[in-house]
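Heads up, query-v5.txt below (compact mmCIF, C-alpha atoms and all ligand atoms):
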```txt
# COMPACT_ATOMS: atom_id res chain seq x y z
CA VAL A 68 18.93 5.27 21.01
CA ALA A 69 18.70 2.34 23.38
CA ASP A 70 16.73 0.62 20.64
CA ARG A 71 19.52 1.14 18.16
CA ALA A 72 22.06 -0.22 20.59
CA ARG A 73 19.99 -3.35 21.12
CA THR A 74 19.05 -3.98 17.50
CA ASP A 75 21.56 -5.73 15.29
CA VAL A 76 19.99 -4.68 12.02
CA ALA A 77 22.59 -6.36 9.86
CA ALA A 78 21.87 -9.70 11.51
CA LEU A 79 18.12 -9.19 11.22
CA VAL A 80 18.38 -8.45 7.52
CA ARG A 81 20.59 -11.49 7.02
CA ARG A 82 18.13 -13.73 8.86
CA GLY A 83 15.18 -12.18 7.03
CA ARG A 84 16.83 -12.95 3.71
CA ASP A 85 17.38 -16.52 4.86
CA GLY A 86 13.63 -16.87 5.29
CA ASP A 87 13.39 -16.39 9.05
CA ALA A 88 9.79 -15.22 9.50
CA ARG A 89 10.46 -13.79 12.97
CA ALA A 90 13.23 -11.60 11.63
CA VAL A 91 10.93 -10.37 8.88
CA ALA A 92 8.24 -9.58 11.44
CA ARG A 93 10.75 -7.75 13.60
CA LEU A 94 11.97 -5.66 10.65
CA ILE A 95 8.42 -4.67 9.79
CA SER A 96 7.84 -3.70 13.42
CA LEU A 97 10.90 -1.47 13.34
CA VAL A 98 9.45 0.21 10.26
CA GLU A 99 5.97 0.52 11.69
CA ASP A 100 7.15 1.94 14.99
CA ALA A 101 9.43 4.45 13.25
CA SER A 102 12.25 3.01 15.32
CA PRO A 103 15.54 4.89 15.52
CA ALA A 104 16.93 1.89 13.64
CA LEU A 105 14.66 2.66 10.68
CA ARG A 106 17.39 4.48 8.78
CA GLU A 107 19.77 1.57 9.05
CA VAL A 108 17.01 -0.87 8.09
CA SER A 109 16.31 1.19 4.98
CA GLU A 110 20.00 1.44 4.14
CA ARG A 111 20.66 -2.27 4.50
CA LEU A 112 17.56 -3.38 2.61
CA VAL A 113 18.02 -1.32 -0.49
CA GLU A 114 20.55 -3.54 -2.27
CA HIS A 115 18.25 -6.54 -1.88
CA THR A 116 15.10 -4.97 -3.28
CA GLY A 117 13.52 -4.42 -6.66
CA ASN A 118 12.43 -7.97 -7.40
CA ALA A 119 8.94 -8.08 -5.88
CA ARG A 120 5.82 -7.16 -7.74
CA VAL A 121 3.36 -5.17 -5.67
CA LEU A 122 -0.32 -5.91 -6.02
CA GLY A 123 -2.79 -3.51 -4.40
CA ILE A 124 -6.24 -4.76 -3.47
CA THR A 125 -8.90 -2.27 -2.53
CA GLY A 126 -12.65 -1.94 -2.38
CA ALA A 127 -15.48 -1.03 -0.04
CA PRO A 128 -15.78 -2.74 3.35
CA GLY A 129 -17.04 -6.29 3.04
CA VAL A 130 -16.65 -6.79 -0.73
CA GLY A 131 -14.37 -9.75 -0.10
CA LYS A 132 -10.87 -8.30 -0.16
CA SER A 133 -9.47 -10.59 2.51
CA THR A 134 -11.17 -13.67 1.09
CA SER A 135 -9.81 -12.78 -2.34
CA THR A 136 -6.36 -12.08 -0.95
CA SER A 137 -6.32 -15.48 0.67
CA ALA A 138 -7.54 -17.14 -2.53
CA LEU A 139 -4.89 -15.25 -4.51
CA VAL A 140 -2.20 -16.42 -2.12
CA THR A 141 -3.29 -20.00 -2.75
CA ALA A 142 -3.29 -19.46 -6.51
CA MET A 143 0.08 -17.72 -6.53
CA ARG A 144 1.63 -20.35 -4.28
CA ALA A 145 0.46 -22.99 -6.74
CA THR A 146 2.65 -21.32 -9.36
CA GLY A 147 5.59 -21.49 -6.95
CA ARG A 148 5.75 -17.79 -6.17
CA ARG A 149 6.68 -16.59 -2.69
CA VAL A 150 4.08 -14.22 -1.40
CA GLY A 151 3.89 -11.48 1.21
CA VAL A 152 0.65 -9.98 2.45
CA LEU A 153 0.22 -6.63 4.13
CA ALA A 154 -3.28 -5.98 5.42
CA VAL A 155 -3.40 -2.30 6.14
CA ASP A 156 -6.13 -1.11 8.43
CA PRO A 157 -6.73 2.57 7.92
CA SER A 158 -8.97 2.81 10.94
CA SER A 159 -7.93 3.73 14.45
CA PRO A 160 -5.67 1.35 16.38
CA PHE A 161 -8.53 0.68 18.77
CA SER A 162 -10.86 -1.11 16.36
CA GLY A 163 -9.01 -4.33 15.77
CA GLY A 164 -12.04 -6.40 14.76
CA ALA A 165 -11.45 -6.44 11.04
CA LEU A 166 -7.81 -7.32 11.53
CA LEU A 167 -8.67 -10.18 13.79
CA GLY A 168 -11.02 -11.50 11.11
CA ASP A 169 -8.24 -11.25 8.56
CA ARG A 170 -5.84 -13.13 10.79
CA VAL A 171 -8.28 -15.95 11.29
CA ARG A 172 -8.91 -16.26 7.56
CA MET A 173 -5.22 -16.12 6.82
CA GLN A 174 -4.48 -19.03 9.12
CA ASP A 175 -4.98 -21.25 6.07
CA HIS A 176 -1.50 -20.12 5.13
CA ALA A 177 0.02 -20.00 8.59
CA VAL A 178 2.17 -23.10 8.15
CA ASP A 179 3.31 -22.26 4.63
CA LYS A 180 6.95 -21.13 4.69
CA GLY A 181 6.54 -19.34 1.38
CA VAL A 182 4.00 -16.87 2.76
CA TYR A 183 4.47 -13.90 5.08
CA ILE A 184 1.35 -12.26 6.44
CA ARG A 185 1.26 -9.07 8.37
CA SER A 186 -1.45 -6.71 9.53
CA MET A 187 -0.46 -3.09 9.84
CA ALA A 188 -2.37 -0.32 11.49
CA SER A 189 -1.79 2.91 9.62
CA ARG A 190 -2.69 4.76 12.83
CA GLY A 191 -2.88 8.48 12.64
CA HIS A 192 0.37 8.88 10.74
CA LEU A 193 0.64 11.90 8.59
CA GLY A 194 0.19 10.52 5.12
CA GLY A 195 -1.59 7.43 6.47
CA LEU A 196 -0.81 4.46 4.31
CA SER A 197 1.93 6.18 2.36
CA TRP A 198 4.11 6.46 5.40
CA ALA A 199 5.24 3.01 6.53
CA THR A 200 3.82 0.70 3.89
CA PRO A 201 6.48 1.25 1.19
CA GLN A 202 9.20 0.30 3.67
CA ALA A 203 7.24 -2.75 4.82
CA VAL A 204 6.92 -3.76 1.16
CA ARG A 205 10.69 -3.41 0.86
CA VAL A 206 11.21 -5.71 3.83
CA LEU A 207 9.11 -8.40 2.16
CA ASP A 208 10.83 -7.77 -1.17
CA ALA A 209 14.25 -8.21 0.43
CA ALA A 210 12.99 -11.34 2.19
CA GLY A 211 12.55 -12.90 -1.23
CA CYS A 212 8.85 -12.43 -1.88
CA ASP A 213 8.09 -12.48 -5.57
CA LEU A 214 4.76 -10.87 -4.94
CA VAL A 215 3.51 -8.56 -2.20
CA LEU A 216 -0.24 -8.14 -1.81
CA VAL A 217 -1.37 -4.99 -0.04
CA GLU A 218 -4.98 -5.07 1.09
CA THR A 219 -6.61 -1.85 2.17
CA VAL A 220 -10.20 -0.85 2.76
CA GLY A 221 -11.37 1.63 0.18
CA VAL A 222 -12.44 4.48 2.37
CA GLY A 223 -11.44 8.07 1.83
CA GLN A 224 -7.96 8.48 0.48
CA SER A 225 -6.58 5.02 1.16
CA GLU A 226 -7.54 3.44 -2.17
CA VAL A 227 -5.79 6.20 -4.03
CA ASP A 228 -2.76 5.67 -1.78
CA VAL A 229 -2.69 1.96 -2.49
CA ALA A 230 -2.83 2.63 -6.22
CA GLY A 231 0.21 4.88 -5.84
CA LEU A 232 2.02 2.07 -4.12
CA ALA A 233 1.17 -0.82 -6.41
CA ASP A 234 2.44 -2.08 -9.75
CA THR A 235 -1.03 -3.45 -10.38
CA THR A 236 -4.17 -2.34 -8.56
CA LEU A 237 -7.22 -4.57 -8.16
CA VAL A 238 -10.48 -2.84 -7.41
CA LEU A 239 -13.10 -5.14 -5.93
CA LEU A 240 -16.82 -4.63 -6.14
CA ALA A 241 -19.69 -6.84 -5.14
CA PRO A 242 -23.37 -6.80 -5.97
CA GLY A 243 -25.92 -5.55 -3.50
CA MET A 244 -23.68 -2.99 -1.85
CA GLY A 245 -24.55 0.10 -3.84
CA ASP A 246 -21.20 -0.19 -5.51
CA GLY A 247 -22.31 1.26 -8.82
CA ILE A 248 -22.79 4.61 -7.19
CA GLN A 249 -19.77 4.15 -4.95
CA ALA A 250 -17.54 3.51 -7.94
CA ALA A 251 -18.39 6.79 -9.59
CA LYS A 252 -18.20 8.71 -6.34
CA ALA A 253 -14.94 7.47 -4.95
CA GLY A 254 -13.04 7.92 -8.17
CA ILE A 255 -12.10 4.26 -8.29
CA LEU A 256 -12.73 4.24 -12.01
CA GLU A 257 -9.36 5.88 -12.49
CA ILE A 258 -7.28 3.67 -10.23
CA GLY A 259 -8.11 0.08 -11.20
CA ASP A 260 -5.87 -1.93 -13.50
CA VAL A 261 -8.11 -4.95 -13.05
CA TYR A 262 -11.70 -4.81 -11.78
CA VAL A 263 -13.11 -7.72 -9.86
CA VAL A 264 -16.82 -8.30 -9.47
CA ASN A 265 -16.70 -10.63 -6.49
CA LYS A 266 -19.65 -12.54 -5.01
CA ALA A 267 -20.61 -13.50 -8.54
CA ASP A 268 -22.75 -16.20 -6.92
CA ARG A 269 -25.15 -13.45 -5.90
CA ASP A 270 -27.92 -11.73 -7.82
CA GLY A 271 -26.89 -8.58 -9.55
CA ALA A 272 -23.31 -9.55 -10.39
CA THR A 273 -23.92 -9.62 -14.13
CA GLN A 274 -25.70 -6.29 -13.98
CA LEU A 275 -22.92 -4.77 -11.88
CA ALA A 276 -20.29 -5.97 -14.35
CA ARG A 277 -22.32 -4.50 -17.20
CA ASP A 278 -22.71 -1.14 -15.43
CA LEU A 279 -19.04 -1.08 -14.65
CA ARG A 280 -18.10 -1.90 -18.24
CA GLY A 281 -20.29 0.98 -19.36
CA MET A 282 -18.67 3.41 -16.97
CA LEU A 283 -15.14 2.29 -17.85
CA ALA A 284 -15.93 2.68 -21.54
CA LEU A 285 -16.63 6.37 -20.97
CA ALA A 286 -13.08 7.03 -19.84
CA GLN A 287 -10.76 8.61 -22.39
CA ARG A 288 -7.83 6.34 -23.08
CA ALA A 289 -4.93 6.93 -25.41
CA ASP A 290 -4.02 4.45 -28.14
CA GLY A 291 -2.10 1.54 -26.70
CA ALA A 292 -3.33 2.38 -23.22
CA TRP A 293 -4.29 -0.43 -20.90
CA ARG A 294 -7.97 -1.28 -20.93
CA PRO A 295 -8.83 -2.62 -17.49
CA PRO A 296 -10.55 -6.00 -17.73
CA ILE A 297 -13.42 -7.04 -15.48
CA VAL A 298 -13.14 -10.47 -13.88
CA LYS A 299 -15.99 -12.16 -12.05
CA THR A 300 -15.06 -14.22 -9.01
CA VAL A 301 -16.56 -16.19 -6.17
CA ALA A 302 -13.68 -15.77 -3.78
CA VAL A 303 -15.12 -18.07 -1.12
CA LYS A 304 -14.99 -20.96 -3.61
CA GLY A 305 -11.94 -19.88 -5.56
CA ASP A 306 -14.01 -19.55 -8.74
CA GLY A 307 -12.57 -17.21 -11.32
CA LEU A 308 -9.19 -17.07 -9.61
CA ASP A 309 -7.30 -18.52 -12.57
CA ALA A 310 -8.76 -15.82 -14.81
CA LEU A 311 -7.87 -13.21 -12.21
CA VAL A 312 -4.26 -14.36 -11.96
CA GLU A 313 -4.10 -14.35 -15.75
CA ALA A 314 -5.44 -10.76 -15.89
CA ILE A 315 -2.92 -9.64 -13.26
CA ASP A 316 -0.04 -11.22 -15.14
CA ARG A 317 -1.23 -9.73 -18.42
CA HIS A 318 -1.31 -6.27 -16.85
CA HIS A 319 2.16 -6.78 -15.49
CA ASP A 320 3.52 -7.80 -18.89
CA TRP A 321 1.89 -4.79 -20.53
CA ALA A 322 3.19 -2.44 -17.82
CA GLU A 323 6.69 -3.78 -18.25
CA GLU A 324 6.70 -3.48 -22.03
CA SER A 325 4.98 -0.11 -22.22
CA GLY A 326 7.24 1.57 -19.69
CA GLU A 327 4.29 2.11 -17.34
CA LEU A 328 5.91 -0.02 -14.65
CA ALA A 329 9.16 1.93 -14.71
CA GLY A 330 7.18 5.17 -14.65
CA ARG A 331 5.12 4.08 -11.66
CA ARG A 332 8.17 2.97 -9.72
CA LEU A 333 9.91 6.24 -10.41
CA ARG A 334 6.86 8.22 -9.30
CA ARG A 335 6.59 6.09 -6.20
CA ALA A 336 10.21 6.65 -5.17
CA ARG A 337 9.83 10.37 -5.85
CA ASP A 338 6.71 10.57 -3.66
CA GLU A 339 8.48 8.69 -0.94
CA ILE A 340 11.50 11.00 -0.96
CA GLU A 341 9.21 14.00 -0.89
CA ALA A 342 7.19 12.63 2.03
CA ILE A 343 10.32 11.86 4.06
CA ALA A 344 11.89 15.22 3.26
CA LEU A 345 8.75 17.15 4.19
CA THR A 346 8.41 15.23 7.43
CA ALA A 347 12.03 16.06 8.26
CA LEU A 348 11.49 19.71 7.38
CA ARG A 349 8.41 19.91 9.55
CA ALA A 350 10.30 18.36 12.45
CA ARG A 351 13.12 20.85 11.99
CA PHE A 352 10.64 23.70 11.76
CA VAL A 353 9.11 22.68 15.09
CA ASP A 354 12.58 22.25 16.63
CA LEU A 355 13.90 25.59 15.48
CA HIS A 356 10.80 27.66 15.87
CA GLY A 357 8.99 26.93 19.06
CA HIS A 358 5.98 28.89 20.09
CA ALA A 359 7.99 31.76 21.51
CA ASP A 360 9.80 32.32 18.27
CA LEU A 361 6.64 32.27 16.20
CA ASP A 362 4.87 34.49 18.73
CA ARG A 363 7.63 37.04 18.36
CA LEU A 364 7.24 37.05 14.57
CA ALA A 365 3.48 37.17 14.93
CA ALA A 366 3.78 40.21 17.16
CA GLU A 367 5.90 41.90 14.48
CA VAL A 368 3.20 41.18 11.92
CA ILE A 369 0.49 42.56 14.21
CA ALA A 370 2.58 45.65 14.90
CA GLY A 371 2.90 46.21 11.18
CA ASP A 372 6.69 45.82 11.24
CA THR A 373 6.61 42.97 8.78
CA ASP A 374 4.09 41.00 6.74
CA PRO A 375 3.36 37.27 7.04
CA TYR A 376 5.13 36.39 3.77
CA ALA A 377 8.33 38.13 4.78
CA ALA A 378 8.09 36.51 8.21
CA ALA A 379 7.61 33.09 6.63
CA ASP A 380 10.57 33.71 4.30
CA ARG A 381 12.74 34.39 7.33
CA VAL A 382 11.63 31.14 8.95
CA VAL A 383 12.13 29.09 5.79
CA ALA A 384 15.59 30.55 5.26
CA THR A 385 16.72 28.98 8.55
CA LEU A 386 15.57 25.43 7.73
N1 LIG B 401 -21.49 -15.12 -1.26
C1 LIG B 401 -20.22 -14.75 -1.23
N2 LIG B 401 -19.70 -14.26 -0.10
C2 LIG B 401 -18.41 -13.89 -0.10
C3 LIG B 401 -17.60 -14.02 -1.26
N3 LIG B 401 -16.37 -13.53 -0.96
C4 LIG B 401 -16.41 -13.14 0.33
N4 LIG B 401 -17.63 -13.36 0.85
C5 LIG B 401 -18.08 -13.09 2.23
O1 LIG B 401 -18.17 -11.69 2.40
C6 LIG B 401 -17.82 -11.35 3.74
C7 LIG B 401 -16.72 -10.31 3.75
O2 LIG B 401 -15.56 -10.87 3.21
P1 LIG B 401 -14.11 -10.27 3.51
O3 LIG B 401 -13.16 -11.03 2.68
O4 LIG B 401 -13.88 -10.21 4.97
O5 LIG B 401 -14.30 -8.81 2.96
P2 LIG B 401 -13.30 -7.57 3.11
O6 LIG B 401 -13.50 -6.76 1.88
O7 LIG B 401 -11.92 -8.04 3.39
O8 LIG B 401 -13.88 -6.84 4.36
P3 LIG B 401 -13.17 -5.67 5.23
O9 LIG B 401 -11.71 -6.04 5.40
O10 LIG B 401 -13.93 -5.67 6.51
O11 LIG B 401 -13.36 -4.42 4.45
C8 LIG B 401 -17.40 -12.64 4.42
O12 LIG B 401 -18.50 -13.13 5.16
C9 LIG B 401 -17.08 -13.56 3.25
O13 LIG B 401 -17.27 -14.91 3.56
C10 LIG B 401 -18.18 -14.55 -2.44
O14 LIG B 401 -17.56 -14.69 -3.49
N5 LIG B 401 -19.49 -14.90 -2.36
MG MG B 402 -10.55 -7.49 4.95
```
What is this file in structure tokens?
Amino acid sequence: VADRARTDVAALVRRGRDGDARAVARLISLVEDASPALREVSERLVEHTGNARVLGITGAPGVGKSTSTSALVTAMRATGRRVGVLAVDPSSPFSGGALLGDRVRMQDHAVDKGVYIRSMASRGHLGGLSWATPQAVRVLDAAGCDLVLVETVGVGQSEVDVAGLADTTLVLLAPGMGDGIQAAKAGILEIGDVYVVNKADRDGATQLARDLRGMLALAQRADGAWRPPIVKTVAVKGDGLDALVEAIDRHHDWAEESGELAGRRLRRARDEIEAIALTALRARFVDLHGHADLDRLAAEVIAGDTDPYAAADRVVATL
């Protein structure tokens, strides 16, 4: 409550929209910390959003996501687009090494006014990435970014989460990392709109691209469906970046024309509402039904006075 009293959200949003990077950073912090001001932030942002395209970038640790993100920022800036970057670290808040590396690499862009860069720890939030990232994307959208890049390490569920968040999802692979097997295992064959074989300067890149093409060809796709292209890059040198930008733009155009983009955005908003509602319900459940209350119901179940379904119905009816 003290936080709300101190935070002039309206002024922050105004400054953020004027391109004040510190205001943007502050807004993202409010989101990330689930500040009491979060509701007002969300409310005040909404009329300024809907312009940014969201590009998800995922792949196994070390494939070159951050290097590619940085190279993409350079390429996108060259076309005059304002760019926001969210590097989401799905690991615990205590292992900051990867983030530090990202920050160092991203310093290339530190003096560019048209670029916002932010690392976010997804911490142990219920729902991980899905929780704060959409709001952080909205902050950058409202701040006038034409494009928001969301980088996340492809471990566990996070790459699927990033695909749910993005208008276009890039899946990165690199030779010599056992990615062929990883691709099939992690289900990344379903989530990529554009596949990137990075480190194309290394042995095995051509073979990896060929294997990947073979695996993608096995997927059933309806007529008129998007066929994900494979682009080879050497992110450290910027090689292949023009072709990558072209593939991204082509996917965007297709998604817009086919209705896929509208469908994804609708699904995304729906998921977000559901996640917020369920979080609120859970909080209310805990508020209303402390241990004592549940223990009493449990005792009734044990005594044979009621069954667990009836007991649960009674609880749900109060929410
Ligand atoms: N040879 C070669 N090395 C590359 C290329 N792209 C990136 N690297 C190197 O690969 C290493 C990992 O690159 P990052 O961009 O940090 O990879 P990442 O996927 O972001 O890694 P995490 O965030 O830790 O998952 C770095 O040493 C890069 O310099 C490339 O095209 N060719
Ligand atoms: Mg990285």
For ligand LIG 401 (chain B), take all atoms listed in the file, fit an axis-aligned box around them, add 8 Å to each of the six sides, then output centre and edge lengths in Å rounded to one decimal, as JSON.
```
{"center_x": -16.6, "center_y": -9.8, "center_z": 1.5, "size_x": 25.8, "size_y": 26.7, "size_z": 26.0}
```
(request) Could you tell me, counting all atoms listed in the file, which protein and nucleic acid residues lie no more than 10 Å from ligand LIG 401 (chain B), written as number ranges by chain? (result) A: 124-138, 154-156, 164-169, 172, 218-222, 239-242, 264-270, 299-307
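Shortest separation to ligand MG 402 (chain B) among A:Ile369, A:Val152, A:Leu328, A:Leu308 occurs at residue A:Val152, atoms counted being all atoms listed in the file.
Computed from the coordinates, the atom CA of Arg82 of chain A to atom CA of Met143 of chain A distance equals 24.1 Å.
Straight-line separation from atom CA of Val108 of chain A to atom CA of Leu207 of chain A: 12.4 Å.
Using all atoms listed in the file, the smallest distance between any of A:Ile184, A:Ala347, A:Val312, A:Ala292 and Glu327 of chain A comes from A:Ala292.
Minimum atom-to-atom distances from A:Ala92, A:Ala142, A:Ala209, A:Ile340 to Glu313 of chain A were compared using all atoms listed in the file, and the lowest value belongs to A:Ala142.
When all atoms listed in the file are used to compute distances to Val121 of chain A, the closest of the residues A:Asp290, A:Asp213, A:Asp354, A:Asp234 turns out to be A:Asp234.
When atom CA of Arg294 of chain A is paired with atom CA of Leu122 of chain A, their separation reads 17.4 Å.
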(request) Do a neighbour search on Glu110 of chain A at 12 Å with all atoms listed in the file, toss out local chain neighbours closer than 2 positions, and write the hits as a list in words. (result) Val76, Ala77, Val80, Ala104, Leu105, Arg106, Glu107, Val108, Leu112, Val113, Glu114, His115, Thr116, Gln202, Arg205, Val206 and Ala209 of chain A
(message) When you count all atoms listed in the file, which of these residues is closest to Leu214 of chain A: A:Gly243, A:Gly117, A:Gly326, A:Pro296?
(response) A:Gly117
(message) Restricting the calculation to only C-alpha atoms: of A:Val140, A:Val261, A:Ile255, A:Leu386, which residue gets closest to Arg317 of chain A?
(response) A:Val261
